[in-house]
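Shown below: final.cif, with mmCIF, C-alpha atoms.
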```cif
data_coords
#
loop_
_atom_site.group_PDB
_atom_site.id
_atom_site.type_symbol
_atom_site.label_atom_id
_atom_site.label_comp_id
_atom_site.auth_asym_id
_atom_site.auth_seq_id
_atom_site.Cartn_x
_atom_site.Cartn_y
_atom_site.Cartn_z
ATOM 1 C CA MET A 1 30.895 51.529 -21.380
ATOM 2 C CA ARG A 2 30.713 47.914 -22.486
ATOM 3 C CA GLU A 3 31.915 47.322 -26.018
ATOM 4 C CA TYR A 4 29.688 45.531 -28.459
ATOM 5 C CA SER A 5 31.181 42.226 -29.543
ATOM 6 C CA PRO A 6 29.545 40.723 -32.613
ATOM 7 C CA ASP A 7 28.889 36.971 -32.810
ATOM 8 C CA LEU A 8 31.225 35.823 -35.564
ATOM 9 C CA THR A 9 30.037 32.191 -35.429
ATOM 10 C CA PRO A 10 28.966 31.157 -38.932
ATOM 11 C CA GLN A 11 25.205 30.951 -39.281
ATOM 12 C CA TRP A 12 25.351 27.285 -40.194
ATOM 13 C CA LYS A 13 27.135 26.490 -36.914
ATOM 14 C CA ARG A 14 24.683 28.293 -34.669
ATOM 15 C CA ALA A 15 22.218 26.117 -32.760
ATOM 16 C CA LYS A 16 18.736 26.537 -34.082
ATOM 17 C CA ALA A 17 15.983 27.472 -31.690
ATOM 18 C CA VAL A 18 13.670 24.561 -30.883
ATOM 19 C CA PRO A 19 10.082 24.609 -29.670
ATOM 20 C CA GLU A 20 9.343 24.563 -25.949
ATOM 21 C CA VAL A 21 6.697 22.031 -24.990
ATOM 22 C CA PRO A 22 4.974 21.881 -21.565
ATOM 23 C CA ALA A 23 5.421 18.499 -19.871
ATOM 24 C CA ASP A 24 1.706 17.900 -19.439
ATOM 25 C CA PRO A 25 0.588 14.549 -17.976
ATOM 26 C CA GLY A 26 0.085 11.941 -20.689
ATOM 27 C CA LEU A 27 2.382 13.601 -23.229
ATOM 28 C CA VAL A 28 4.306 10.855 -25.036
ATOM 29 C CA ILE A 29 7.906 11.894 -25.522
ATOM 30 C CA GLU A 30 11.217 10.312 -26.499
ATOM 31 C CA VAL A 31 14.461 11.017 -24.672
ATOM 32 C CA ALA A 32 17.115 12.266 -27.101
ATOM 33 C CA GLY A 33 20.109 9.985 -27.446
ATOM 34 C CA THR A 34 18.306 6.992 -25.925
ATOM 35 C CA ASP A 35 15.682 4.487 -26.965
ATOM 36 C CA PHE A 36 13.437 5.335 -24.017
ATOM 37 C CA CYS A 37 9.979 6.594 -24.894
ATOM 38 C CA GLY A 38 7.191 7.158 -22.428
ATOM 39 C CA ALA A 39 4.315 9.230 -21.169
ATOM 40 C CA VAL A 40 4.777 12.064 -18.693
ATOM 41 C CA VAL A 41 3.503 11.050 -15.239
ATOM 42 C CA ALA A 42 5.165 13.755 -13.126
ATOM 43 C CA CYS A 43 7.156 16.934 -13.548
ATOM 44 C CA GLU A 44 9.011 18.499 -10.659
ATOM 45 C CA ALA A 45 11.663 21.164 -10.374
ATOM 46 C CA GLY A 46 14.290 20.280 -12.957
ATOM 47 C CA THR A 47 13.110 16.740 -13.722
ATOM 48 C CA VAL A 48 10.397 14.840 -15.566
ATOM 49 C CA THR A 49 9.221 11.285 -14.867
ATOM 50 C CA LEU A 50 8.261 9.125 -17.850
ATOM 51 C CA GLU A 51 6.497 5.755 -17.892
ATOM 52 C CA ASP A 52 6.959 3.404 -20.830
ATOM 53 C CA ARG A 53 4.374 0.977 -22.183
ATOM 54 C CA PHE A 54 5.621 -1.765 -19.858
ATOM 55 C CA GLY A 55 4.986 0.377 -16.772
ATOM 56 C CA LYS A 56 8.679 1.111 -16.176
ATOM 57 C CA ARG A 57 9.356 4.617 -14.882
ATOM 58 C CA ARG A 58 12.509 6.715 -15.217
ATOM 59 C CA VAL A 59 13.409 10.246 -14.207
ATOM 60 C CA PHE A 60 15.218 12.595 -16.619
ATOM 61 C CA PRO A 61 16.562 16.136 -16.241
ATOM 62 C CA LEU A 62 14.730 18.913 -18.085
ATOM 63 C CA GLU A 63 17.679 19.763 -20.274
ATOM 64 C CA PRO A 64 17.350 22.068 -23.308
ATOM 65 C CA ARG A 65 16.923 20.132 -26.556
ATOM 66 C CA GLY A 66 16.790 16.942 -24.508
ATOM 67 C CA PHE A 67 13.686 15.314 -25.998
ATOM 68 C CA LEU A 68 12.031 14.352 -29.261
ATOM 69 C CA LEU A 69 8.370 14.913 -30.031
ATOM 70 C CA GLU A 70 7.223 13.031 -33.129
ATOM 71 C CA GLY A 71 10.855 12.912 -34.213
ATOM 72 C CA ALA A 72 11.543 16.650 -33.777
ATOM 73 C CA VAL A 73 13.894 18.011 -31.115
ATOM 74 C CA VAL A 74 12.119 19.976 -28.367
ATOM 75 C CA THR A 75 12.801 21.449 -24.963
ATOM 76 C CA LEU A 76 10.456 20.262 -22.247
ATOM 77 C CA THR A 77 9.284 22.837 -19.730
ATOM 78 C CA ARG A 78 7.277 22.562 -16.547
ATOM 79 C CA PRO A 79 3.523 22.937 -17.084
ATOM 80 C CA SER A 80 2.299 26.443 -16.410
ATOM 81 C CA ARG A 81 -0.090 25.041 -13.853
ATOM 82 C CA ALA A 82 0.393 22.005 -11.651
ATOM 83 C CA PRO A 83 -1.769 19.179 -13.003
ATOM 84 C CA ALA A 84 -4.531 17.792 -10.863
ATOM 85 C CA ALA A 85 -3.859 14.342 -9.510
ATOM 86 C CA PRO A 86 -5.702 11.646 -11.476
ATOM 87 C CA ALA A 87 -8.916 10.458 -9.881
ATOM 88 C CA ARG A 88 -8.675 7.117 -8.142
ATOM 89 C CA THR A 89 -11.155 4.352 -7.501
ATOM 90 C CA ALA A 90 -11.727 3.052 -3.977
ATOM 91 C CA SER A 91 -9.173 0.298 -4.704
ATOM 92 C CA GLY A 92 -6.501 2.860 -5.602
ATOM 93 C CA SER A 93 -6.615 2.266 -9.369
ATOM 94 C CA VAL A 94 -6.634 5.197 -11.779
ATOM 95 C CA ALA A 95 -10.269 5.977 -12.537
ATOM 96 C CA VAL A 96 -11.421 5.844 -16.155
ATOM 97 C CA PRO A 97 -14.091 8.548 -16.555
ATOM 98 C CA GLY A 98 -17.038 7.498 -18.666
ATOM 99 C CA ALA A 99 -15.850 3.902 -18.981
ATOM 100 C CA ARG A 100 -18.637 1.425 -19.653
ATOM 101 C CA ALA A 101 -18.949 -1.862 -17.845
ATOM 102 C CA ARG A 102 -17.469 -4.698 -19.840
ATOM 103 C CA VAL A 103 -19.623 -7.651 -20.845
ATOM 104 C CA ALA A 104 -19.294 -10.197 -18.050
ATOM 105 C CA ARG A 105 -16.552 -12.769 -18.427
ATOM 106 C CA ALA A 106 -17.236 -16.476 -18.147
ATOM 107 C CA GLY A 107 -14.912 -16.515 -15.146
ATOM 108 C CA ARG A 108 -16.183 -15.651 -11.684
ATOM 109 C CA ILE A 109 -15.059 -14.818 -8.182
ATOM 110 C CA TYR A 110 -16.907 -16.630 -5.395
ATOM 111 C CA VAL A 111 -16.877 -15.392 -1.807
ATOM 112 C CA GLU A 112 -18.367 -17.045 1.258
ATOM 113 C CA GLY A 113 -21.141 -14.676 2.224
ATOM 114 C CA ARG A 114 -23.101 -11.554 1.445
ATOM 115 C CA HIS A 115 -20.949 -9.361 3.660
ATOM 116 C CA ASP A 116 -17.823 -10.474 1.799
ATOM 117 C CA ALA A 117 -19.492 -9.670 -1.523
ATOM 118 C CA GLU A 118 -20.630 -6.247 -0.343
ATOM 119 C CA LEU A 119 -17.153 -5.353 0.918
ATOM 120 C CA VAL A 120 -15.502 -6.448 -2.329
ATOM 121 C CA GLU A 121 -18.053 -4.446 -4.317
ATOM 122 C CA ARG A 122 -17.508 -1.345 -2.189
ATOM 123 C CA VAL A 123 -13.754 -1.264 -2.743
ATOM 124 C CA TRP A 124 -13.236 -3.010 -6.097
ATOM 125 C CA GLY A 125 -16.605 -2.461 -7.789
ATOM 126 C CA ASP A 126 -15.361 0.017 -10.404
ATOM 127 C CA ASP A 127 -12.422 -2.223 -11.328
ATOM 128 C CA LEU A 128 -14.599 -5.322 -11.539
ATOM 129 C CA ARG A 129 -17.076 -3.672 -13.903
ATOM 130 C CA ILE A 130 -14.308 -2.494 -16.219
ATOM 131 C CA GLU A 131 -12.791 -5.993 -16.209
ATOM 132 C CA GLY A 132 -16.168 -7.712 -16.598
ATOM 133 C CA VAL A 133 -15.765 -9.798 -13.444
ATOM 134 C CA VAL A 134 -18.860 -10.914 -11.525
ATOM 135 C CA VAL A 135 -18.654 -11.660 -7.784
ATOM 136 C CA GLU A 136 -21.110 -14.157 -6.287
ATOM 137 C CA TYR A 137 -21.509 -15.418 -2.746
ATOM 138 C CA LEU A 138 -21.905 -19.048 -1.676
ATOM 139 C CA GLU A 139 -23.378 -18.893 1.855
ATOM 140 C CA GLY A 140 -20.515 -21.071 3.081
ATOM 141 C CA ILE A 141 -17.964 -23.358 1.452
ATOM 142 C CA ASP A 142 -18.885 -26.783 2.875
ATOM 143 C CA ASP A 143 -19.897 -27.931 -0.628
ATOM 144 C CA LEU A 144 -17.060 -26.143 -2.445
ATOM 145 C CA ALA A 145 -15.910 -29.227 -4.388
ATOM 146 C CA ALA A 146 -19.406 -29.759 -5.774
ATOM 147 C CA VAL A 147 -19.768 -26.051 -6.568
ATOM 148 C CA VAL A 148 -16.505 -26.093 -8.508
ATOM 149 C CA ALA A 149 -17.515 -29.230 -10.415
ATOM 150 C CA GLU A 150 -20.837 -27.651 -11.372
ATOM 151 C CA PHE A 151 -19.085 -24.474 -12.534
ATOM 152 C CA ALA A 152 -16.799 -26.558 -14.792
ATOM 153 C CA PRO A 153 -13.814 -24.166 -14.858
ATOM 154 C CA GLY A 154 -11.486 -24.000 -17.840
ATOM 155 C CA PRO A 155 -8.763 -21.783 -19.336
ATOM 156 C CA ASP A 156 -11.419 -19.384 -20.667
ATOM 157 C CA ALA A 157 -13.584 -19.573 -17.539
ATOM 158 C CA ARG A 158 -11.374 -19.366 -14.498
ATOM 159 C CA LEU A 159 -12.776 -19.433 -11.008
ATOM 160 C CA GLY A 160 -11.401 -17.590 -7.979
ATOM 161 C CA VAL A 161 -12.608 -18.333 -4.451
ATOM 162 C CA LEU A 162 -12.102 -16.168 -1.356
ATOM 163 C CA VAL A 163 -12.335 -18.104 1.917
ATOM 164 C CA ASP A 164 -12.689 -16.827 5.480
ATOM 165 C CA HIS A 165 -10.416 -18.180 8.233
ATOM 166 C CA LEU A 166 -8.064 -19.975 5.852
ATOM 167 C CA VAL A 167 -5.365 -20.991 8.333
ATOM 168 C CA PRO A 168 -3.393 -24.249 8.697
ATOM 169 C CA GLY A 169 -5.381 -27.019 10.346
ATOM 170 C CA SER A 170 -8.761 -25.349 9.954
ATOM 171 C CA LYS A 171 -11.820 -26.950 8.363
ATOM 172 C CA GLU A 172 -11.585 -24.284 5.666
ATOM 173 C CA SER A 173 -8.017 -25.273 4.797
ATOM 174 C CA ARG A 174 -9.043 -28.934 4.340
ATOM 175 C CA ILE A 175 -11.932 -27.952 2.084
ATOM 176 C CA ALA A 176 -9.699 -25.649 0.019
ATOM 177 C CA ALA A 177 -7.108 -28.414 -0.393
ATOM 178 C CA SER A 178 -9.742 -30.639 -2.006
ATOM 179 C CA VAL A 179 -9.915 -28.311 -5.019
ATOM 180 C CA THR A 180 -7.032 -29.088 -7.373
ATOM 181 C CA SER A 181 -8.074 -27.715 -10.780
ATOM 182 C CA PRO A 182 -5.410 -25.495 -12.387
ATOM 183 C CA ASP A 183 -8.205 -23.167 -13.470
ATOM 184 C CA VAL A 184 -9.346 -22.542 -9.887
ATOM 185 C CA LEU A 185 -7.533 -20.400 -7.342
ATOM 186 C CA VAL A 186 -8.617 -20.657 -3.712
ATOM 187 C CA VAL A 187 -7.129 -18.046 -1.398
ATOM 188 C CA GLY A 188 -8.208 -16.678 1.942
ATOM 189 C CA HIS A 189 -7.635 -14.402 4.877
ATOM 190 C CA PRO A 190 -6.962 -15.454 8.488
ATOM 191 C CA TYR A 191 -9.952 -13.714 10.075
ATOM 192 C CA VAL A 192 -12.907 -15.524 11.640
ATOM 193 C CA ASP A 193 -15.163 -13.215 9.651
ATOM 194 C CA VAL A 194 -14.614 -10.581 6.976
ATOM 195 C CA TRP A 195 -15.661 -7.949 9.538
ATOM 196 C CA GLN A 196 -12.141 -8.229 10.968
ATOM 197 C CA ALA A 197 -10.618 -7.314 7.618
ATOM 198 C CA VAL A 198 -11.793 -3.757 8.258
ATOM 199 C CA LYS A 199 -9.128 -1.879 10.199
ATOM 200 C CA PRO A 200 -10.205 -0.999 13.761
ATOM 201 C CA SER A 201 -9.022 2.566 13.140
ATOM 202 C CA ALA A 202 -11.705 2.968 10.453
ATOM 203 C CA LEU A 203 -14.315 2.310 13.149
ATOM 204 C CA GLY A 204 -12.695 4.387 15.856
ATOM 205 C CA ILE A 205 -11.914 1.382 18.060
ATOM 206 C CA ALA A 206 -8.557 0.228 19.393
ATOM 207 C CA ALA A 207 -8.940 -3.396 18.284
ATOM 208 C CA TRP A 208 -11.505 -6.027 17.437
ATOM 209 C CA PRO A 209 -12.671 -7.613 20.714
ATOM 210 C CA GLN A 210 -11.811 -11.170 21.700
ATOM 211 C CA VAL A 211 -14.945 -13.334 21.692
ATOM 212 C CA PRO A 212 -14.978 -16.485 23.886
ATOM 213 C CA ARG A 213 -15.089 -19.798 22.017
ATOM 214 C CA GLY A 214 -18.562 -21.246 21.671
ATOM 215 C CA GLN A 215 -20.186 -17.824 21.418
ATOM 216 C CA ASP A 216 -21.477 -16.441 18.138
ATOM 217 C CA TRP A 217 -18.637 -14.196 17.038
ATOM 218 C CA LYS A 218 -20.654 -11.361 15.509
ATOM 219 C CA THR A 219 -23.070 -11.209 18.436
ATOM 220 C CA GLY A 220 -20.125 -11.242 20.828
ATOM 221 C CA VAL A 221 -18.519 -8.345 18.989
ATOM 222 C CA CYS A 222 -21.712 -6.299 19.260
ATOM 223 C CA ARG A 223 -21.907 -6.985 23.008
ATOM 224 C CA ALA A 224 -18.278 -6.156 23.634
ATOM 225 C CA LEU A 225 -18.515 -2.871 21.713
ATOM 226 C CA GLY A 226 -21.813 -1.880 23.266
ATOM 227 C CA TRP A 227 -23.673 -2.062 19.962
ATOM 228 C CA PRO A 228 -27.266 -3.311 19.653
ATOM 229 C CA GLU A 229 -27.219 -7.065 19.086
ATOM 230 C CA HIS A 230 -28.427 -6.702 15.530
ATOM 231 C CA THR A 231 -25.646 -8.050 13.338
ATOM 232 C CA GLY A 232 -27.207 -6.811 10.099
ATOM 233 C CA ALA A 233 -27.318 -3.223 11.359
ATOM 234 C CA ALA A 234 -23.827 -3.608 12.812
ATOM 235 C CA TRP A 235 -22.489 -4.685 9.426
ATOM 236 C CA GLN A 236 -24.090 -1.749 7.666
ATOM 237 C CA HIS A 237 -22.369 0.548 10.166
ATOM 238 C CA ILE A 238 -19.026 -1.171 9.551
ATOM 239 C CA LEU A 239 -19.440 -1.060 5.773
ATOM 240 C CA SER A 240 -20.339 2.636 5.866
ATOM 241 C CA ARG A 241 -16.956 3.397 7.404
ATOM 242 C CA VAL A 242 -15.058 1.795 4.514
ATOM 243 C CA THR A 243 -14.294 4.447 1.902
ATOM 244 C CA SER A 244 -11.213 2.983 0.207
ATOM 245 C CA TYR A 245 -8.600 0.239 0.317
ATOM 246 C CA ARG A 246 -6.846 2.163 3.086
ATOM 247 C CA ASP A 247 -9.578 1.043 5.480
ATOM 248 C CA LEU A 248 -8.847 -2.661 4.888
ATOM 249 C CA GLU A 249 -6.118 -4.951 6.186
ATOM 250 C CA PRO A 250 -3.354 -5.812 3.684
ATOM 251 C CA THR A 251 -4.047 -9.530 4.124
ATOM 252 C CA LEU A 252 -7.429 -9.089 2.456
ATOM 253 C CA LEU A 253 -6.259 -6.542 -0.125
ATOM 254 C CA GLY A 254 -3.588 -8.843 -1.477
ATOM 255 C CA ARG A 255 -5.900 -11.827 -1.778
ATOM 256 C CA VAL A 256 -8.637 -9.978 -3.673
ATOM 257 C CA GLU A 257 -6.112 -8.430 -6.080
ATOM 258 C CA GLU A 258 -4.661 -11.907 -6.613
ATOM 259 C CA LEU A 259 -8.083 -13.297 -7.517
ATOM 260 C CA ILE A 260 -8.845 -10.460 -9.946
ATOM 261 C CA ASP A 261 -5.511 -10.997 -11.679
ATOM 262 C CA PHE A 262 -6.143 -14.742 -11.877
ATOM 263 C CA VAL A 263 -9.586 -14.601 -13.481
ATOM 264 C CA THR A 264 -8.623 -11.824 -15.913
ATOM 265 C CA ALA A 265 -5.315 -13.335 -17.060
ATOM 266 C CA PRO A 266 -5.239 -13.919 -20.836
#
```

Output the file's structure in the form of structure tokens.
Amino acid sequence: MREYSPDLTPQWKRAKAVPEVPADPGLVIEVAGTDFCGAVVACEAGTVTLEDRFGKRRVFPLEPRGFLLEGAVVTLTRPSRAPAAPARTASGSVAVPGARARVARAGRIYVEGRHDAELVERVWGDDLRIEGVVVEYLEGIDDLAAVVAEFAPGPDARLGVLVDHLVPGSKESRIAASVTSPDVLVVGHPYVDVWQAVKPSALGIAAWPQVPRGQDWKTGVCRALGWPEHTGAAWQHILSRVTSYRDLEPTLLGRVEELIDFVTAP
């Protein structure tokens, strides 16, 4: 028979019980003994991941009495139920339910054609409305210098331009080089047309076909793929297969994100 052994530790020396708090997503917590404070973004077996207001993330063990909540010591525990992953927009950003569109900024993003505008809207539309960024199409960039001059860009009205086939030595590269305003950013992708910025895998094809020089590229694509030679209908088919940023080539993704950052910079 086990003997009873009383706890002779003085009451004032005994550790006081502290509240247990579930590490629910979004809970703002401070790590005891450090100056790190952040919101819970993940909680796995034995650890919690916090993100501070600068976007820096760190992982900490779920140790008893290891955290402070509003200045009081607490023990973080795993949530009783795994949290649902936050909803994402087509661009991969965290969705903001119920967010209203912001009043349009003075700044703009110009793209070459209607197809470019429709693709940008399909993937980045939610982000653009929250940021108050309007996308317009130019029907070509031959008169880009005059368009920029008419827009009259400035620090509070920046202009971003997305150009097709922006490669060294091309006509597009010479036109882009003529724009030198610090409040204008001209970037582009290497494709003949924005159609090619859609990954072939999204369309169930092995690759975009090679079209002989001198032949209309879009019509040539339709012929090579056995599609009706109706480029408008072909584009609607292509666009319908784009559901998120994962269906686009990184070379386009990076350029559009760069333009959004440029026109929304304080």

### Query
Which residues match the PyMOL selection byres ((chain A and resi 36) around 12) in the file above, as an MDAnalysis selection string?
chainID A and resid 28:35 37:39 49:54 56:60 67:68

May I have the selected residues written with C-alpha atoms, as a PDB file, in the frame of the given file?
```
ATOM      1  CA  VAL A  28       4.306  10.855 -25.036  1.00  0.00           C
ATOM      2  CA  ILE A  29       7.906  11.894 -25.522  1.00  0.00           C
ATOM      3  CA  GLU A  30      11.217  10.312 -26.499  1.00  0.00           C
ATOM      4  CA  VAL A  31      14.461  11.017 -24.672  1.00  0.00           C
ATOM      5  CA  ALA A  32      17.115  12.266 -27.101  1.00  0.00           C
ATOM      6  CA  GLY A  33      20.109   9.985 -27.446  1.00  0.00           C
ATOM      7  CA  THR A  34      18.306   6.992 -25.925  1.00  0.00           C
ATOM      8  CA  ASP A  35      15.682   4.487 -26.965  1.00  0.00           C
ATOM      9  CA  CYS A  37       9.979   6.594 -24.894  1.00  0.00           C
ATOM     10  CA  GLY A  38       7.191   7.158 -22.428  1.00  0.00           C
ATOM     11  CA  ALA A  39       4.315   9.230 -21.169  1.00  0.00           C
ATOM     12  CA  THR A  49       9.221  11.285 -14.867  1.00  0.00           C
ATOM     13  CA  LEU A  50       8.261   9.125 -17.850  1.00  0.00           C
ATOM     14  CA  GLU A  51       6.497   5.755 -17.892  1.00  0.00           C
ATOM     15  CA  ASP A  52       6.959   3.404 -20.830  1.00  0.00           C
ATOM     16  CA  ARG A  53       4.374   0.977 -22.183  1.00  0.00           C
ATOM     17  CA  PHE A  54       5.621  -1.765 -19.858  1.00  0.00           C
ATOM     18  CA  LYS A  56       8.679   1.111 -16.176  1.00  0.00           C
ATOM     19  CA  ARG A  57       9.356   4.617 -14.882  1.00  0.00           C
ATOM     20  CA  ARG A  58      12.509   6.715 -15.217  1.00  0.00           C
ATOM     21  CA  VAL A  59      13.409  10.246 -14.207  1.00  0.00           C
ATOM     22  CA  PHE A  60      15.218  12.595 -16.619  1.00  0.00           C
ATOM     23  CA  PHE A  67      13.686  15.314 -25.998  1.00  0.00           C
ATOM     24  CA  LEU A  68      12.031  14.352 -29.261  1.00  0.00           C
TER      25      LEU A  68
END
```

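Comparing A:Val184, A:Val18, A:Leu144, A:Val198 by their smallest distance to Glu172 of chain A, the closest is A:Leu144 (using only C-alpha atoms).
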
### Query
Got a sec: who's within 10 Å of Leu259 of chain A, counting only C-alpha atoms, leaving out chain neighbours fewer than 3 positions off, as a VMD selection string?
chain A and resid 108 to 110 158 to 162 184 to 187 254 to 256 262 to 265

### Test item: residues at most 8 Å from segment 112-116 of chain A, all atoms listed in the file, excluding those fewer than 6 positions along its chain, as a PyMOL selection string
chain A and resi 137-141+162-164+194+235

### Query
Within 12 Å of Leu225 of chain A, counting all atoms listed in the file, which residues qualify if same-chain residues fewer than 4 places away don't, as a ChimeraX atom specification?
/A:200,203-211,218-221,229,234

### Query
Can you list, as a list in words, every protein, DNA or RNA residue that comes within 6 Å of Val133 of chain A when you count only C-alpha atoms, leaving out same-chain residues fewer than 3 positions away?
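Skipping anything fewer than 3 positions along the chain leaves Ala104, Arg105 and Leu128 of chain A.
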
### Task
Go ahead and compute the interatomic distance for atom CA of Ser173 of chain A and atom CA of Ala197 of chain A, in Å to one decimal.
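Rounded to one decimal, the two atoms are 18.4 Å apart.
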
### Task
Identify which of the residues A:Ala233, A:Ile175, A:Ala72, A:Leu239 lies closest to Ala117 of chain A, counting all atoms listed in the file when measuring atom-to-atom distances.
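Closest to Ala117 of chain A, using all atoms listed in the file: A:Leu239.
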
### Query
What is the atom CA of Val120 of chain A to atom CA of Ile238 of chain A distance in Å?
13.5 Å

### Query
Which of these, A:Phe151, A:Ala145, A:Leu119, A:Val192, has the shortest distance to Ser178 of chain A once you count all atoms listed in the file?
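Of the candidates, the smallest distance to Ser178 of chain A is held by A:Ala145.
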
### Message
Just checking: using all atoms listed in the file, which residue out of A:Leu76, A:Gly71, A:Gly154, A:Pro61 ends up closest to Leu27 of chain A?
### Response
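That would be A:Leu76, the residue with the smallest distance to Leu27 of chain A.
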
## Note on the structure
Of A:Ser93, A:Thr180, A:Gln196, A:Ser170, the one nearest to Ala149 of chain A when counting all atoms listed in the file is A:Thr180

### Task
Measuring atom to atom with all atoms listed in the file, identify which of A:Pro228, A:Gly132, A:Pro168, A:Gly26 is nearest to His189 of chain A.
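Looking only at the distances to His189 of chain A, the closest residue turns out to be A:Pro168.
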
### Query
For the atom pair atom CA of Ser181 of chain A and atom CA of Glu258 of chain A, what is the interatomic distance in Å to one decimal place?
16.7 Å

Run through the PyMOL selection byres ((chain A and resi 243) around 12) on the given coordinates and return the selected residues as a compact mmCIF listing (two decimals) with C-alpha atoms, in the coordinates of the input.
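And here's part16.txt as it stands now:
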```txt
# COMPACT_ATOMS: atom_id res chain seq x y z
CA ARG A 88 -8.68 7.12 -8.14
CA THR A 89 -11.16 4.35 -7.50
CA ALA A 90 -11.73 3.05 -3.98
CA SER A 91 -9.17 0.30 -4.70
CA GLY A 92 -6.50 2.86 -5.60
CA LEU A 119 -17.15 -5.35 0.92
CA VAL A 120 -15.50 -6.45 -2.33
CA GLU A 121 -18.05 -4.45 -4.32
CA ARG A 122 -17.51 -1.34 -2.19
CA VAL A 123 -13.75 -1.26 -2.74
CA TRP A 124 -13.24 -3.01 -6.10
CA VAL A 198 -11.79 -3.76 8.26
CA LYS A 199 -9.13 -1.88 10.20
CA ALA A 202 -11.70 2.97 10.45
CA LEU A 203 -14.32 2.31 13.15
CA ILE A 238 -19.03 -1.17 9.55
CA LEU A 239 -19.44 -1.06 5.77
CA SER A 240 -20.34 2.64 5.87
CA ARG A 241 -16.96 3.40 7.40
CA VAL A 242 -15.06 1.80 4.51
CA SER A 244 -11.21 2.98 0.21
CA TYR A 245 -8.60 0.24 0.32
CA ARG A 246 -6.85 2.16 3.09
CA ASP A 247 -9.58 1.04 5.48
CA LEU A 248 -8.85 -2.66 4.89
```

Need the shell around Ala42 of chain A: protein/DNA/RNA residues with any atom at most 9 Å away, counting all atoms listed in the file. Skip same-chain ones fewer than 2 positions apart. Format as a PDB file with C-alpha atoms, keeping the file's coordinate frame?
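Below is the file that was written, out.pdb:
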```pdb
ATOM      1  CA  ALA A  23       5.421  18.499 -19.871  1.00  0.00           C
ATOM      2  CA  ASP A  24       1.706  17.900 -19.439  1.00  0.00           C
ATOM      3  CA  PRO A  25       0.588  14.549 -17.976  1.00  0.00           C
ATOM      4  CA  VAL A  40       4.777  12.064 -18.693  1.00  0.00           C
ATOM      5  CA  GLU A  44       9.011  18.499 -10.659  1.00  0.00           C
ATOM      6  CA  THR A  47      13.110  16.740 -13.722  1.00  0.00           C
ATOM      7  CA  VAL A  48      10.397  14.840 -15.566  1.00  0.00           C
ATOM      8  CA  THR A  49       9.221  11.285 -14.867  1.00  0.00           C
ATOM      9  CA  LEU A  50       8.261   9.125 -17.850  1.00  0.00           C
ATOM     10  CA  PRO A  83      -1.769  19.179 -13.003  1.00  0.00           C
TER      11      PRO A  83
END
```
